[in-house]
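Just data-v6.txt here, compact mmCIF, C-alpha atoms and all ligand atoms:
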```txt
# COMPACT_ATOMS: atom_id res chain seq x y z
CA ILE C 1 -7.84 10.64 -3.46
CA VAL C 2 -5.81 8.27 -1.28
CA SER C 3 -4.60 11.03 1.05
CA ARG C 4 -5.70 10.93 4.67
CA ASP C 5 -7.04 14.49 4.31
CA SER C 6 -9.84 13.25 2.07
CA HIS C 7 -11.10 10.78 4.68
CA PRO C 8 -9.64 11.57 8.13
CA ALA C 9 -11.51 8.78 9.94
CA GLY C 10 -9.93 6.08 7.76
CA SER C 11 -11.71 3.70 5.41
CA ILE C 12 -12.89 0.19 5.91
CA ILE C 13 -12.95 -2.03 2.83
CA GLN C 14 -15.60 -4.74 2.77
CA ILE C 15 -14.61 -8.04 1.21
CA ARG C 16 -17.75 -10.19 0.98
CA GLY C 17 -18.83 -8.76 4.32
CA ILE C 18 -15.40 -9.04 5.96
CA PRO C 19 -14.12 -5.63 7.07
CA LEU C 20 -10.52 -4.72 6.38
CA GLY C 21 -9.26 -1.56 8.02
CA GLY C 22 -11.38 -1.47 11.16
CA ASN C 23 -10.52 -2.64 14.66
CA GLN C 24 -10.09 -6.26 13.68
CA ILE C 25 -6.89 -7.67 12.18
CA GLN C 26 -7.59 -9.72 9.05
CA VAL C 27 -5.19 -12.45 8.06
CA ILE C 28 -5.01 -13.78 4.51
CA GLY C 29 -3.32 -17.17 4.48
CA GLY C 30 -2.46 -19.65 1.79
CA PRO C 31 0.24 -20.99 -0.47
CA CYS C 32 2.58 -19.03 -2.68
CA SER C 33 1.31 -20.95 -5.70
CA ILE C 34 -1.68 -23.04 -6.59
CA GLU C 35 -0.34 -26.53 -7.35
CA THR C 36 -3.06 -29.19 -7.27
CA GLN C 37 -6.69 -29.51 -6.20
CA GLU C 38 -5.66 -31.62 -3.24
CA GLN C 39 -3.01 -29.12 -2.12
CA MET C 40 -5.57 -26.29 -2.30
CA ASN C 41 -8.21 -28.27 -0.42
CA LEU C 42 -5.74 -28.99 2.40
CA ALA C 43 -4.54 -25.38 2.38
CA ALA C 44 -8.09 -24.02 2.56
CA ALA C 45 -8.90 -26.31 5.47
CA GLY C 46 -5.75 -25.16 7.29
CA VAL C 47 -6.45 -21.48 6.62
CA ALA C 48 -10.02 -21.78 7.91
CA ALA C 49 -9.01 -23.88 10.94
CA ALA C 50 -6.41 -21.27 11.94
CA GLY C 51 -9.10 -18.58 11.92
CA CYS C 52 -8.01 -16.70 8.79
CA ARG C 53 -11.00 -15.33 6.93
CA MET C 54 -9.46 -14.97 3.46
CA MET C 55 -7.18 -17.09 1.31
CA ARG C 56 -4.26 -16.34 -1.00
CA GLY C 57 -2.75 -18.37 -3.83
CA GLY C 58 -0.97 -17.51 -7.07
CA ALA C 59 -2.06 -18.81 -10.46
CA PHE C 60 0.16 -16.40 -12.39
CA LYS C 61 3.60 -16.15 -10.78
CA PRO C 62 6.18 -13.41 -11.34
CA ARG C 63 9.27 -15.64 -11.17
CA THR C 64 12.82 -14.31 -11.46
CA SER C 65 13.77 -17.09 -13.87
CA PRO C 66 11.65 -17.79 -16.95
CA TYR C 67 12.51 -21.49 -16.47
CA ALA C 68 10.99 -21.63 -12.97
CA PHE C 69 7.37 -22.76 -12.44
CA GLN C 70 5.20 -19.93 -13.76
CA GLY C 71 1.90 -20.94 -12.14
CA LEU C 72 -0.98 -23.08 -13.39
CA GLY C 73 -2.83 -20.17 -14.96
CA VAL C 74 -6.59 -20.44 -15.43
CA GLU C 75 -6.68 -24.06 -14.26
CA GLY C 76 -5.27 -22.78 -10.96
CA LEU C 77 -8.15 -20.32 -10.55
CA GLU C 78 -10.52 -23.27 -10.94
CA PHE C 79 -8.74 -25.26 -8.19
CA PHE C 80 -8.65 -22.16 -5.99
CA GLN C 81 -12.37 -21.40 -6.22
CA THR C 82 -13.32 -25.04 -5.67
CA ALA C 83 -11.22 -25.23 -2.49
CA ALA C 84 -12.11 -21.79 -1.12
CA LYS C 85 -15.85 -22.31 -1.59
CA LEU C 86 -15.75 -25.33 0.74
CA HIS C 87 -14.86 -22.91 3.56
CA ASN C 88 -16.54 -19.78 2.22
CA LEU C 89 -13.19 -17.98 1.99
CA PRO C 90 -12.84 -14.95 -0.29
CA ILE C 91 -9.89 -15.42 -2.63
CA VAL C 92 -6.87 -13.17 -3.25
CA THR C 93 -4.72 -13.73 -6.33
CA GLU C 94 -2.18 -11.83 -8.39
CA LEU C 95 -2.95 -10.28 -11.77
CA MET C 96 0.14 -9.72 -13.92
CA ASP C 97 -1.37 -8.99 -17.31
CA VAL C 98 -4.35 -6.81 -18.24
CA ARG C 99 -5.36 -9.48 -20.77
CA MET C 100 -6.35 -11.76 -17.87
CA LEU C 101 -8.60 -9.21 -16.19
CA ASP C 102 -11.82 -10.48 -17.82
CA THR C 103 -10.93 -14.01 -16.75
CA PHE C 104 -10.41 -12.80 -13.16
CA MET C 105 -13.90 -11.26 -13.28
CA GLU C 106 -15.39 -14.49 -14.72
CA TYR C 107 -13.80 -16.54 -11.96
CA ASP C 108 -15.08 -14.02 -9.44
CA VAL C 109 -11.71 -13.32 -7.84
CA ASP C 110 -12.59 -11.38 -4.66
CA VAL C 111 -9.38 -9.36 -4.27
CA ILE C 112 -6.91 -8.65 -7.08
CA GLN C 113 -3.28 -8.48 -6.01
CA ILE C 114 -0.84 -6.27 -7.87
CA GLY C 115 2.61 -7.66 -7.12
CA ALA C 116 5.74 -5.78 -6.15
CA ARG C 117 7.17 -6.07 -9.66
CA ASN C 118 4.11 -4.42 -11.17
CA MET C 119 3.65 -1.60 -8.68
CA GLN C 120 4.54 0.91 -11.36
CA ASN C 121 2.96 -0.89 -14.31
CA PHE C 122 0.78 2.14 -14.91
CA ASP C 123 -1.39 0.62 -17.64
CA LEU C 124 -2.20 -2.32 -15.36
CA LEU C 125 -2.98 0.10 -12.52
CA LYS C 126 -5.32 2.11 -14.75
CA GLU C 127 -7.21 -1.03 -15.79
CA VAL C 128 -7.76 -2.27 -12.22
CA GLY C 129 -8.88 1.25 -11.42
CA ARG C 130 -11.92 0.62 -13.60
CA VAL C 131 -13.15 -2.57 -11.92
CA ASN C 132 -15.31 -3.00 -8.89
CA LYS C 133 -12.97 -5.27 -6.90
CA PRO C 134 -10.66 -4.47 -3.98
CA ILE C 135 -7.00 -4.26 -4.98
CA ILE C 136 -4.00 -5.21 -2.87
CA LEU C 137 -1.14 -3.01 -4.04
CA LYS C 138 2.20 -4.40 -2.98
CA ARG C 139 5.15 -2.13 -2.48
CA GLY C 140 7.70 -2.16 -5.30
CA LEU C 141 11.09 -3.75 -4.65
CA SER C 142 12.73 -0.39 -4.01
CA ALA C 143 9.77 1.97 -4.10
CA THR C 144 9.61 5.08 -1.95
CA ILE C 145 6.45 5.81 0.01
CA ASN C 146 5.62 8.62 -2.37
CA GLU C 147 5.97 6.41 -5.45
CA TRP C 148 3.72 3.85 -3.76
CA LEU C 149 1.09 6.45 -2.90
CA MET C 150 1.16 7.73 -6.47
CA ALA C 151 0.75 4.18 -7.81
CA ALA C 152 -2.38 3.87 -5.65
CA GLU C 153 -3.53 7.20 -7.01
CA TYR C 154 -3.42 5.70 -10.54
CA ILE C 155 -5.95 3.08 -9.41
CA ALA C 156 -8.10 5.52 -7.47
CA ALA C 157 -8.21 8.02 -10.35
CA GLY C 158 -10.11 5.45 -12.43
CA GLY C 159 -12.86 5.27 -9.80
CA ASN C 160 -11.79 2.25 -7.75
CA HIS C 161 -11.06 3.49 -4.24
CA ASN C 162 -10.90 0.03 -2.66
CA ILE C 163 -7.14 -0.17 -2.35
CA ILE C 164 -5.15 -2.01 0.31
CA PHE C 165 -1.45 -1.25 0.69
CA CYS C 166 0.81 -4.24 1.36
CA GLU C 167 4.31 -3.76 2.74
CA ARG C 168 6.40 -6.82 1.72
CA GLY C 169 9.94 -5.75 2.48
CA ILE C 170 12.36 -3.63 0.46
CA ARG C 171 15.72 -4.31 -1.13
CA THR C 172 18.67 -4.25 1.24
CA PHE C 173 22.46 -4.79 1.25
CA GLU C 174 21.84 -7.44 3.90
CA THR C 175 21.96 -11.07 2.77
CA ALA C 176 20.76 -12.79 5.95
CA TYR C 177 17.15 -12.31 4.89
CA ARG C 178 15.28 -11.86 1.65
CA ASN C 179 14.18 -8.24 2.10
CA VAL C 180 14.03 -5.86 5.01
CA LEU C 181 10.55 -5.44 6.44
CA ASP C 182 9.99 -1.71 6.57
CA VAL C 183 8.03 -1.48 9.82
CA THR C 184 8.46 2.29 9.68
CA ALA C 185 6.32 2.40 6.56
CA ILE C 186 3.29 1.23 8.55
CA PRO C 187 2.76 4.31 10.77
CA VAL C 188 3.90 6.57 7.93
CA LEU C 189 1.29 5.15 5.55
CA LYS C 190 -1.41 5.15 8.23
CA ARG C 191 -0.73 8.88 8.58
CA GLU C 192 -0.53 9.61 4.85
CA THR C 193 -3.52 7.61 3.64
CA HIS C 194 -6.99 6.66 4.86
CA LEU C 195 -6.70 3.24 3.20
CA PRO C 196 -5.90 -0.03 5.01
CA VAL C 197 -2.30 -1.21 5.33
CA ILE C 198 -1.38 -4.88 5.53
CA VAL C 199 1.99 -6.61 5.81
CA ASP C 200 3.44 -9.69 4.12
CA PRO C 201 6.06 -11.04 6.56
CA SER C 202 6.71 -14.09 4.34
CA HIS C 203 8.29 -12.31 1.37
CA ALA C 204 10.00 -9.86 3.74
CA GLY C 205 11.97 -12.43 5.76
CA GLY C 206 12.04 -15.26 3.27
CA LYS C 207 12.33 -17.87 6.06
CA ALA C 208 9.42 -19.49 7.87
CA TRP C 209 11.06 -19.13 11.28
CA MET C 210 11.17 -15.32 10.87
CA VAL C 211 7.50 -15.00 9.98
CA PRO C 212 5.97 -14.96 13.51
CA ALA C 213 8.31 -12.21 14.78
CA LEU C 214 7.74 -10.04 11.71
CA ALA C 215 3.98 -10.62 11.75
CA GLN C 216 3.79 -9.67 15.41
CA ALA C 217 5.92 -6.57 14.84
CA ALA C 218 3.63 -5.52 12.01
CA VAL C 219 0.52 -5.82 14.15
CA ALA C 220 2.23 -3.95 17.00
CA ALA C 221 3.10 -1.16 14.55
CA GLY C 222 -0.55 -0.76 13.56
CA ALA C 223 -1.03 -2.95 10.49
CA ASP C 224 -4.65 -3.73 9.61
CA GLY C 225 -3.87 -7.24 8.47
CA LEU C 226 -1.35 -9.76 7.24
CA LEU C 227 -0.73 -11.77 4.08
CA ILE C 228 1.01 -15.00 5.08
CA GLU C 229 2.25 -17.94 3.04
CA MET C 230 1.17 -21.31 4.37
CA HIS C 231 1.50 -24.69 2.64
CA PRO C 232 0.02 -28.01 3.76
CA ASN C 233 3.49 -29.51 3.30
CA PRO C 234 6.08 -26.67 3.20
CA ALA C 235 9.03 -28.90 2.29
CA GLU C 236 7.22 -29.91 -0.91
CA ALA C 237 6.07 -26.43 -1.99
CA TRP C 238 6.74 -25.68 -5.67
CA CYS C 239 7.55 -22.06 -4.91
CA ASP C 240 8.91 -20.21 -1.84
CA ALA C 241 9.19 -23.41 0.22
CA ASP C 242 11.61 -21.86 2.75
CA GLN C 243 9.16 -19.21 3.88
CA ALA C 244 5.94 -21.24 4.04
CA LEU C 245 4.42 -21.90 7.45
CA SER C 246 2.80 -25.26 8.10
CA PRO C 247 -0.89 -25.25 9.06
CA THR C 248 0.15 -25.84 12.70
CA GLN C 249 2.62 -22.94 12.65
CA LEU C 250 -0.02 -20.63 11.19
CA ASN C 251 -2.48 -21.72 13.83
CA GLU C 252 0.05 -21.02 16.61
CA LEU C 253 0.87 -17.59 15.20
CA MET C 254 -2.81 -16.64 14.90
CA LYS C 255 -3.30 -17.26 18.61
CA THR C 256 -0.71 -14.61 19.49
CA LEU C 257 -2.05 -11.77 17.34
CA GLY C 258 -5.25 -10.86 19.19
CA ALA C 259 -3.50 -9.74 22.37
CA ILE C 260 -1.00 -7.63 20.41
CA ALA C 261 -3.76 -5.97 18.39
CA GLN C 262 -5.67 -5.23 21.61
CA ALA C 263 -2.64 -3.56 23.14
CA VAL C 264 -2.14 -1.02 20.34
C1 LIG S 301 3.29 -13.01 -3.86
O1 LIG S 301 2.70 -12.50 -2.90
O2 LIG S 301 2.95 -14.09 -4.35
C2 LIG S 301 4.45 -12.30 -4.46
C3 LIG S 301 4.98 -12.71 -5.61
O3 LIG S 301 4.90 -11.28 -3.72
P1 LIG S 301 5.71 -9.96 -4.16
O4 LIG S 301 5.01 -9.39 -5.36
O5 LIG S 301 5.60 -9.11 -2.93
O6 LIG S 301 7.12 -10.39 -4.44
MN MN S 302 5.68 -16.34 -2.69
```

What's the structure tokens form of this structure?
Ligand code: PEP
Ligand code: MN
Amino acid sequence: IVSRDSHPAGSIIQIRGIPLGGNQIQVIGGPCSIETQEQMNLAAAGVAAAGCRMMRGGAFKPRTSPYAFQGLGVEGLEFFQTAAKLHNLPIVTELMDVRMLDTFMEYDVDVIQIGARNMQNFDLLKEVGRVNKPIILKRGLSATINEWLMAAEYIAAGGNHNIIFCERGIRTFETAYRNVLDVTAIPVLKRETHLPVIVDPSHAGGKAWMVPALAQAAVAAGADGLLIEMHPNPAEAWCDADQALSPTQLNELMKTLGAIAQAV
């Protein structure tokens, strides 16, 4: 179903009237984690001011350590919707457990993110294949393109064809950055599938200063959009502080993307 052969022209996914996969680049900005109502209000204002049309934020966090902040849970979804509604921003948030799916529907989450660690959680994929919400499917930590395509096929087989691939960097021997952004995956996926491909430069590089270069490279390579971590006060972020852009940095980056997108 996800193969390019089934839809040679490519698909555009509509997210509350915002097209993802067409000629326009869509940028989803926002913090790694939802922390407080005030933090989300400031983040939403910064996202909207920078010209991003959708917002991200995690309420359920897949942390390496069980002792690290795990996310606010349902209370976070409440803060997120309150802040996003002020700027009419569709919301993107990660689902880790099928038992929270009904809650995500109740809170009217616009786009459900399946994180890298759950790319091959096949039961989770089957469940989100049955709902009528776009899904961002992140690439697994060391997943091949074929494994990733097959994971998407699990979602599509249930009837939900609104799938967005998100390249977020893959495991590497290198220690100078968090993951290696697989720019090559972008044209390969665009050839293999009709579905939109976005890139998360934040989790790829792991450092805020790397984000603009990686974001620009992704757009130059043909990405349909970006998922970027931004925090109103990066130094104080509860999660992934090193890689968060400030509102000003996000705004500056956004100004550079149009010309690159035009050139490709
Ligand atoms: C995230 O986007 O919040 C996240 C945890 O990313 P990943 O699943 O790519 O590590
Ligand atoms: Mn993060």

Requested in this report: Please provide as a VMD selection string all residues within 9 Å of Gln81 (chain C), with the sequence filter that same-chain residues fewer than 2 positions apart are discarded (counting all atoms listed in the file).
Outcome: chain C and resid 76 to 79 83 to 86 89 to 91 107 to 109

Give me the residues within 7 Å of region 5-18 of chain C as a tab-separated table (two decimals) with C-alpha atoms, in the coordinates of the input, counting all atoms listed in the file and dropping any in the same chain fewer than 6 places off.
```
chain	number	residue	atom	x	y	z
C	90	PRO	CA	-12.84	-14.95	-0.29
C	162	ASN	CA	-10.90	0.03	-2.66
C	194	HIS	CA	-6.99	6.66	4.86
C	195	LEU	CA	-6.70	3.24	3.20
C	196	PRO	CA	-5.90	-0.03	5.01
```

Query raised in the report: Can you tell me which residues sit at most 12 Å away from ligand MN 302 (chain S), counting only C-alpha atoms and all ligand atoms, written as a PyMOL selection string?
Result: chain C and resi 29-34+56-64+69-71+93-94+115-116+168+178+200-208+227-231+234+237-245

So that all listed atoms of ligand LIG 301 (chain S) fit with 4 Å spare on each side, what axis-aligned box centre and edge lengths in Å, to one decimal, would you give as lines of an AutoDock Vina configuration file?
```
center_x = 4.9
center_y = -11.6
center_z = -4.3
size_x = 12.4
size_y = 13.0
size_z = 10.7
```

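CA of Glu236 (chain C) is found 19.4 Å from CA of Met55 (chain C).
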
Query raised in the report: So, counting only C-alpha atoms, which residue among C:Val111, C:Cys52, C:Leu20, C:Leu125 is closest to Val197 (chain C)?
Result: C:Leu20

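Picture a line from atom C3 of ligand LIG 301 (chain S) to CA of Ile198 (chain C); it runs 15.0 Å.
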
Query - Long-range neighbours of Asn132 (chain C) as a list in words, 10 Å cut-off, only C-alpha atoms, 6 positions minimum in chain - result: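 Answer for this query is Met105, Asp110, Val111, Gly159, Asn160, His161 and Asn162 of chain C.
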
Query raised in the report: Can you tell me how far atom O5 of ligand LIG 301 (chain S) sits from CA of Glu75 (chain C), in Å to one decimal?
Result: 22.4 Å

Requested in this report: Tell me which protein, DNA and RNA residues are within 9 Å of Val199 (chain C), counting only C-alpha atoms, leaving out same-chain ones fewer than 3 positions away, and put them as a ChimeraX atom specification.
Outcome: /C:165-169,181,183,186,202,204,214-215,218-219,223-228
